[in-house]
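entry_11.cif follows; it contains mmCIF, C-alpha atoms.
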data_data
loop_
_atom_site.label_atom_id
_atom_site.label_comp_id
_atom_site.auth_asym_id
_atom_site.auth_seq_id
_atom_site.Cartn_x
_atom_site.Cartn_y
_atom_site.Cartn_z
CA MET A 224 0.00 0.00 0.00
CA SER A 225 1.34 3.42 -1.02
CA ARG A 226 0.22 6.35 1.15
CA VAL A 227 0.02 10.04 0.32
CA ALA A 228 -0.63 12.57 3.09
CA ILE A 229 -2.28 15.90 2.24
CA VAL A 230 -1.98 18.35 5.13
CA ALA A 231 -3.96 21.59 5.46
CA ALA A 232 -4.99 23.89 8.30
CA MET A 233 -8.75 24.28 7.83
CA PRO A 234 -11.51 22.00 6.49
CA GLY A 235 -12.54 24.64 3.94
CA GLU A 236 -9.16 24.34 2.25
CA LEU A 237 -9.79 20.63 1.67
CA SER A 238 -13.54 20.48 1.05
CA PRO A 239 -13.51 20.43 -2.79
CA LEU A 240 -10.83 17.75 -2.77
CA VAL A 241 -12.28 15.38 -0.16
CA ALA A 242 -15.92 15.39 -1.30
CA GLY A 243 -17.03 11.77 -1.08
CA TRP A 244 -14.04 10.63 1.00
CA LYS A 245 -14.50 8.81 4.31
CA HIS A 246 -14.39 11.34 7.16
CA GLU A 247 -12.86 10.26 10.49
CA PRO A 248 -12.64 13.15 13.02
CA GLN A 249 -10.42 12.33 16.00
CA ASN A 250 -9.32 14.42 19.01
CA GLY A 251 -9.45 17.82 17.34
CA VAL A 252 -8.08 16.52 14.04
CA ASN A 253 -10.17 16.17 10.88
CA LEU A 254 -9.06 13.24 8.74
CA TRP A 255 -10.40 11.97 5.41
CA LEU A 256 -9.45 8.73 3.65
CA GLN A 257 -9.68 7.61 0.06
CA ARG A 258 -8.43 4.26 -1.22
CA PHE A 259 -7.97 3.54 -4.92
CA GLY A 260 -6.34 0.24 -5.73
CA THR A 261 -3.03 0.09 -3.89
CA VAL A 262 -2.95 3.84 -3.13
CA GLU A 263 -4.33 5.41 0.03
CA ARG A 264 -4.77 9.16 0.24
CA ILE A 265 -5.03 10.76 3.67
CA ALA A 266 -6.18 14.38 3.96
CA VAL A 267 -5.86 15.92 7.39
CA CYS A 268 -6.14 19.28 9.14
CA ALA A 269 -5.78 20.34 12.76
CA GLY A 270 -5.72 24.15 12.75
CA ALA A 271 -3.40 27.01 11.88
CA GLY A 272 0.28 27.26 12.78
CA GLN A 273 3.30 24.98 12.66
CA ASP A 274 2.46 23.13 15.88
CA ARG A 275 -0.98 22.20 14.59
CA ALA A 276 0.47 21.21 11.23
CA ALA A 277 2.85 18.85 13.01
CA ARG A 278 -0.09 17.36 14.90
CA ALA A 279 -1.96 16.81 11.64
CA PHE A 280 1.10 15.15 10.12
CA ALA A 281 1.35 12.83 13.13
CA ALA A 282 -2.30 11.84 12.69
CA ALA A 283 -1.59 10.92 9.07
CA GLU A 284 1.44 8.85 10.13
CA ARG A 285 -0.70 6.83 12.51
CA CYS A 286 -2.45 5.45 9.42
CA GLY A 287 0.85 3.91 8.27
CA ARG A 288 4.11 4.80 6.55
CA ILE A 289 3.84 7.93 4.39
CA ASP A 290 5.42 7.79 0.92
CA LYS A 291 4.66 11.37 -0.19
CA VAL A 292 3.34 14.46 1.57
CA LEU A 293 1.67 17.61 0.27
CA SER A 294 1.16 20.83 2.20
CA ILE A 295 -1.86 22.68 0.82
CA GLY A 296 -4.00 25.58 1.95
CA TRP A 297 -4.75 29.26 1.64
CA ALA A 298 -1.94 31.79 1.48
CA GLY A 299 -1.57 35.54 1.18
CA ALA A 300 -0.02 37.08 -1.92
CA LEU A 301 3.20 39.07 -1.49
CA ASN A 302 3.34 40.54 -4.99
CA GLU A 303 1.18 41.38 -8.00
CA GLU A 304 2.11 38.22 -9.91
CA THR A 305 0.44 35.83 -7.46
CA ARG A 306 -3.26 36.45 -8.04
CA PRO A 307 -6.09 35.88 -5.56
CA GLY A 308 -8.31 32.97 -6.49
CA GLU A 309 -5.50 31.05 -8.19
CA ALA A 310 -3.40 28.14 -6.92
CA TYR A 311 0.36 27.75 -7.31
CA CYS A 312 2.77 24.87 -7.09
CA VAL A 313 5.50 26.12 -4.76
CA SER A 314 9.18 25.53 -5.49
CA GLY A 315 10.43 26.16 -1.96
CA VAL A 316 9.44 27.08 1.59
CA ILE A 317 11.19 29.45 4.01
CA ASP A 318 10.72 29.25 7.78
CA VAL A 319 10.70 32.91 8.85
CA ARG A 320 11.46 31.96 12.46
CA THR A 321 14.65 30.03 11.69
CA GLY A 322 15.68 31.09 8.19
CA GLU A 323 15.62 27.45 6.99
CA ARG A 324 14.83 26.84 3.33
CA PHE A 325 13.24 23.67 1.98
CA GLU A 326 12.90 22.86 -1.71
CA THR A 327 9.92 20.89 -2.96
CA ALA A 328 10.05 17.83 -5.20
CA GLU A 329 8.92 20.04 -8.10
CA ALA A 330 11.56 22.75 -7.58
CA GLY A 331 13.51 21.96 -10.74
CA LYS A 332 10.42 21.47 -12.89
CA ILE A 333 8.61 24.76 -12.30
CA ALA A 334 9.25 27.43 -14.91
CA THR A 335 8.53 30.30 -12.51
CA GLN A 336 10.15 29.76 -9.13
CA ILE A 337 7.66 30.59 -6.37
CA TRP A 338 8.85 30.66 -2.77
CA LEU A 339 6.52 30.56 0.20
CA ALA A 340 7.33 32.20 3.54
CA THR A 341 5.92 30.47 6.62
CA ALA A 342 5.29 33.09 9.32
CA PRO A 343 4.19 32.67 12.96
CA LYS A 344 1.16 34.97 12.54
CA VAL A 345 -1.27 36.12 9.87
CA ALA A 346 0.63 38.76 7.90
CA ASP A 347 -0.85 42.24 7.47
CA GLU A 348 -0.04 44.57 4.57
CA GLN A 349 3.16 45.91 6.18
CA GLU A 350 4.42 42.46 7.09
CA LYS A 351 3.71 41.23 3.58
CA GLN A 352 5.96 43.97 2.20
CA ARG A 353 8.73 43.00 4.62
CA LEU A 354 8.52 39.30 3.77
CA SER A 355 8.63 40.03 0.07
CA SER A 356 11.68 42.28 0.29
CA THR A 357 13.56 40.23 2.90
CA TYR A 358 13.03 36.73 1.56
CA GLY A 359 12.02 37.23 -2.07
CA ALA A 360 8.90 35.18 -1.34
CA ALA A 361 5.70 35.41 -3.37
CA LEU A 362 3.32 33.86 -0.83
CA VAL A 363 2.93 33.61 2.94
CA ASP A 364 1.26 30.96 5.12
CA MET A 365 1.59 29.63 8.68
CA GLU A 366 2.10 25.86 8.28
CA ALA A 367 4.14 24.63 5.31
CA ALA A 368 7.62 24.87 6.88
CA ALA A 369 6.64 22.39 9.60
CA ILE A 370 5.53 19.84 7.02
CA ALA A 371 8.62 20.46 4.89
CA ARG A 372 10.89 19.90 7.91
CA LEU A 373 9.15 16.67 8.94
CA ALA A 374 9.29 15.38 5.37
CA GLN A 375 13.01 16.17 5.14
CA MET A 376 13.70 14.38 8.45
CA ARG A 377 11.92 11.28 7.15
CA ARG A 378 13.27 11.58 3.59
CA ILE A 379 9.75 11.75 2.18
CA PRO A 380 9.13 13.62 -1.10
CA PHE A 381 7.48 16.94 -0.26
CA SER A 382 5.21 19.07 -2.44
CA CYS A 383 3.38 22.29 -1.66
CA ILE A 384 0.33 23.80 -3.36
CA LYS A 385 -1.12 27.07 -2.14
CA GLY A 386 -4.30 28.89 -3.12
CA VAL A 387 -4.26 32.67 -2.82
CA SER A 388 -7.02 34.06 -0.59
CA ASP A 389 -5.95 37.72 -0.41
CA GLY A 390 -3.90 40.19 -2.42
CA HIS A 391 -0.63 41.77 -1.37
CA LYS A 392 -2.22 45.18 -0.77
CA ASP A 393 -5.51 44.05 0.79
CA ARG A 394 -6.18 45.76 4.10
CA LEU A 395 -7.82 43.10 6.23
CA PRO A 396 -8.88 43.00 9.88
CA ASP A 397 -6.38 41.56 12.34
CA PHE A 398 -7.21 37.85 12.14
CA ASN A 399 -4.62 37.00 14.81
CA ARG A 400 -6.86 38.27 17.60
CA PHE A 401 -9.43 35.61 16.67
CA MET A 402 -7.03 32.64 16.62
CA THR A 403 -7.06 30.36 19.66
CA LYS A 404 -3.95 28.79 21.15
CA THR A 405 -4.89 25.58 19.36
CA GLY A 406 -4.94 27.26 15.96
CA GLN A 407 -8.71 27.43 15.59
CA PHE A 408 -10.45 30.47 14.13
CA GLN A 409 -13.19 31.94 16.32
CA LEU A 410 -15.71 32.57 13.57
CA ALA A 411 -18.62 33.69 15.78
CA LYS A 412 -16.52 36.39 17.47
CA PHE A 413 -15.16 37.50 14.13
CA ILE A 414 -18.65 37.85 12.66
CA VAL A 415 -19.74 40.04 15.57
CA PHE A 416 -16.59 42.13 15.15
CA THR A 417 -17.10 42.67 11.42
CA LEU A 418 -20.83 43.40 11.69
CA LEU A 419 -19.89 46.53 13.61
CA ARG A 420 -17.35 47.57 10.97
CA PRO A 421 -19.13 47.78 7.59
CA HIS A 422 -16.09 49.40 5.98
CA SER A 423 -14.40 45.96 6.10
CA TRP A 424 -17.23 44.12 4.33
CA PRO A 425 -16.15 44.62 0.68
CA VAL A 426 -12.61 43.26 1.19
CA LEU A 427 -13.89 40.34 3.29
CA ILE A 428 -16.53 39.43 0.71
CA ARG A 429 -13.84 39.51 -1.96
CA MET A 430 -11.57 37.36 0.22
CA GLY A 431 -14.35 34.82 0.73
CA GLU A 432 -14.98 34.55 -3.00
CA ASN A 433 -11.28 34.22 -3.74
CA SER A 434 -10.87 31.57 -1.04
CA LYS A 435 -13.60 29.42 -2.60
CA LYS A 436 -12.03 29.75 -6.05
CA ALA A 437 -8.58 29.00 -4.64
CA ALA A 438 -9.84 25.85 -2.89
CA LEU A 439 -11.20 24.55 -6.18
CA ARG A 440 -7.94 25.36 -7.97
CA MET A 441 -5.95 23.60 -5.24
CA ALA A 442 -8.06 20.47 -5.60
CA GLU A 443 -7.41 20.46 -9.35
CA SER A 444 -3.67 20.96 -8.81
CA VAL A 445 -3.47 18.18 -6.22
CA ARG A 446 -5.14 15.78 -8.66
CA ASP A 447 -2.66 16.80 -11.36
CA VAL A 448 0.32 16.25 -9.05
CA LEU A 449 -0.91 12.87 -7.78
CA GLY A 450 -2.20 11.67 -11.14
#
Structure encoded using C-alpha cells:
Amino acid sequence: MSRVAIVAAMPGELSPLVAGWKHEPQNGVNLWLQRFGTVERIAVCAGAGQDRAARAFAAAERCGRIDKVLSIGWAGALNEETRPGEAYCVSGVIDVRTGERFETAEAGKIATQIWLATAPKVADEQEKQRLSSTYGAALVDMEAAAIARLAQMRRIPFSCIKGVSDGHKDRLPDFNRFMTKTGQFQLAKFIVFTLLRPHSWPVLIRMGENSKKAALRMAESVRDVLG
C-alpha cells in the first residue's frame, strides 16, 4: 500500500478535494481517507500554525508509513504576480522563524520559481511587504515549513500547493486576535466584530470569493500532481 498525506490547516481548504471521501474526526483533528487500488490518500487538518500542522502530520502517520506528503491551503499574496483565487505549485518554503529553506520535489520542474514564507502569525499589509523584500517570497502561510521539515527528516518527497485568498495590498482586519492557542479560528466572534465595521465588508466578501475559487484550484492541482 502506497500512502500520500495531504496536510492543510482548515476543512474549507480541503472540502472540494475530499468530497465523497471517508471522514474520520479524531481528538481535534479532521481526517479523510480515500483508497484507490493500492494507493491510500489521507487528507488531514488540525488548525493554523506549525504546531498544529505537526499534529496533523502525526495523525496521518498513525495510518501507516507515508510515501509522499503535500502541504496545501490558503496563502496571502506578497506581490502582484500571485493572483487571488489562483493556486500555485511552490518551489520552496522558508521558515521565517529560523531562516531554513526547503525545496519541494517540483523545484527543478517549475518554470517560474515561487517561494513561500511560513510566518508565525497572519501577515498584514506591512508584514507582507517585509517578507517580500527580505526573503524574495511570493506567498505567505503559517504551516508549510513544519511539514517540509518533517518530510526532510523522514526523507519523504514533499510538495506544496497554495491557493491565494488575499492580495498583497488588501487591508484586512487583524485575524490573529481571533485565533485560539490551538490554531482554531473563532468565527462567531469574528462575525460580531465585522458586523460593527461595515467598511471591512467589501474586502472580506472579496476574500471569501477568492478563497472558494482558490480551494477549487488547489483540488485540481493536487489531482494533477498525484495523477
Exercise. So, counting only C-alpha atoms, which residue among A:Leu449, A:Gly431, A:Ser314, A:Leu237 is closest to A:Ser225?
Worked result: A:Leu449
Problem set entry | Minimum-distance residue to A:Gln257, chosen among A:Gly243, A:Gly406, A:Gly299, A:Pro343 (using all atoms listed in the file) |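 Of A:Gly243, A:Gly406, A:Gly299, A:Pro343, the one nearest A:Gln257 is A:Gly243, counting all atoms listed in the file.
We find atom CA of A:Ala231 and atom CA of A:Leu418 to be spaced 28.3 Å apart.
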For this session: Can you work out which one of A:Met441, A:Val292, A:Met224, A:Val415 has the shortest atom-to-atom distance to A:Ala371, counting all atoms listed in the file?
Result: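 For A:Ala371, the nearest of the given residues is A:Val292.
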Exercise. Out of A:Phe413, A:Phe259, A:Phe398, A:Tyr311, which residue has the shortest atom-to-atom distance to A:Ala437 when counting all atoms listed in the file?
Worked result: A:Tyr311
Problem set entry | Polymer residues at most 12 Å from A:Glu247, all atoms listed in the file, same-chain spacing of 2 or more positions, as a list of chain:residue names | A:Val241, A:Trp244, A:Lys245, A:Gln249, A:Asn250, A:Gly251, A:Val252, A:Asn253, A:Leu254, A:Trp255, A:Leu256, A:Gln257, A:Ile265, A:Ala266, A:Val267, A:Cys268, A:Ala282, A:Ala283, A:Cys286
Keeping only C-alpha atoms, write those residues as a PDB file, in the frame of the given file.
ATOM      1  CA  VAL A 241     -12.280  15.380  -0.160  1.00  0.00           C
ATOM      2  CA  TRP A 244     -14.040  10.630   1.000  1.00  0.00           C
ATOM      3  CA  LYS A 245     -14.500   8.810   4.310  1.00  0.00           C
ATOM      4  CA  GLN A 249     -10.420  12.330  16.000  1.00  0.00           C
ATOM      5  CA  ASN A 250      -9.320  14.420  19.010  1.00  0.00           C
ATOM      6  CA  GLY A 251      -9.450  17.820  17.340  1.00  0.00           C
ATOM      7  CA  VAL A 252      -8.080  16.520  14.040  1.00  0.00           C
ATOM      8  CA  ASN A 253     -10.170  16.170  10.880  1.00  0.00           C
ATOM      9  CA  LEU A 254      -9.060  13.240   8.740  1.00  0.00           C
ATOM     10  CA  TRP A 255     -10.400  11.970   5.410  1.00  0.00           C
ATOM     11  CA  LEU A 256      -9.450   8.730   3.650  1.00  0.00           C
ATOM     12  CA  GLN A 257      -9.680   7.610   0.060  1.00  0.00           C
ATOM     13  CA  ILE A 265      -5.030  10.760   3.670  1.00  0.00           C
ATOM     14  CA  ALA A 266      -6.180  14.380   3.960  1.00  0.00           C
ATOM     15  CA  VAL A 267      -5.860  15.920   7.390  1.00  0.00           C
ATOM     16  CA  CYS A 268      -6.140  19.280   9.140  1.00  0.00           C
ATOM     17  CA  ALA A 282      -2.300  11.840  12.690  1.00  0.00           C
ATOM     18  CA  ALA A 283      -1.590  10.920   9.070  1.00  0.00           C
ATOM     19  CA  CYS A 286      -2.450   5.450   9.420  1.00  0.00           C
TER      20      CYS A 286
END
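Across the chains present, the PyMOL selection byres ((chain A and resi 340) around 8) applied to this file returns Val316, Ile317, Asp318, Val319, Trp338, Leu339, Thr341, Ala342, Leu354, Tyr358, Ala360, Ala361, Leu362, Val363 and Asp364 of chain A.
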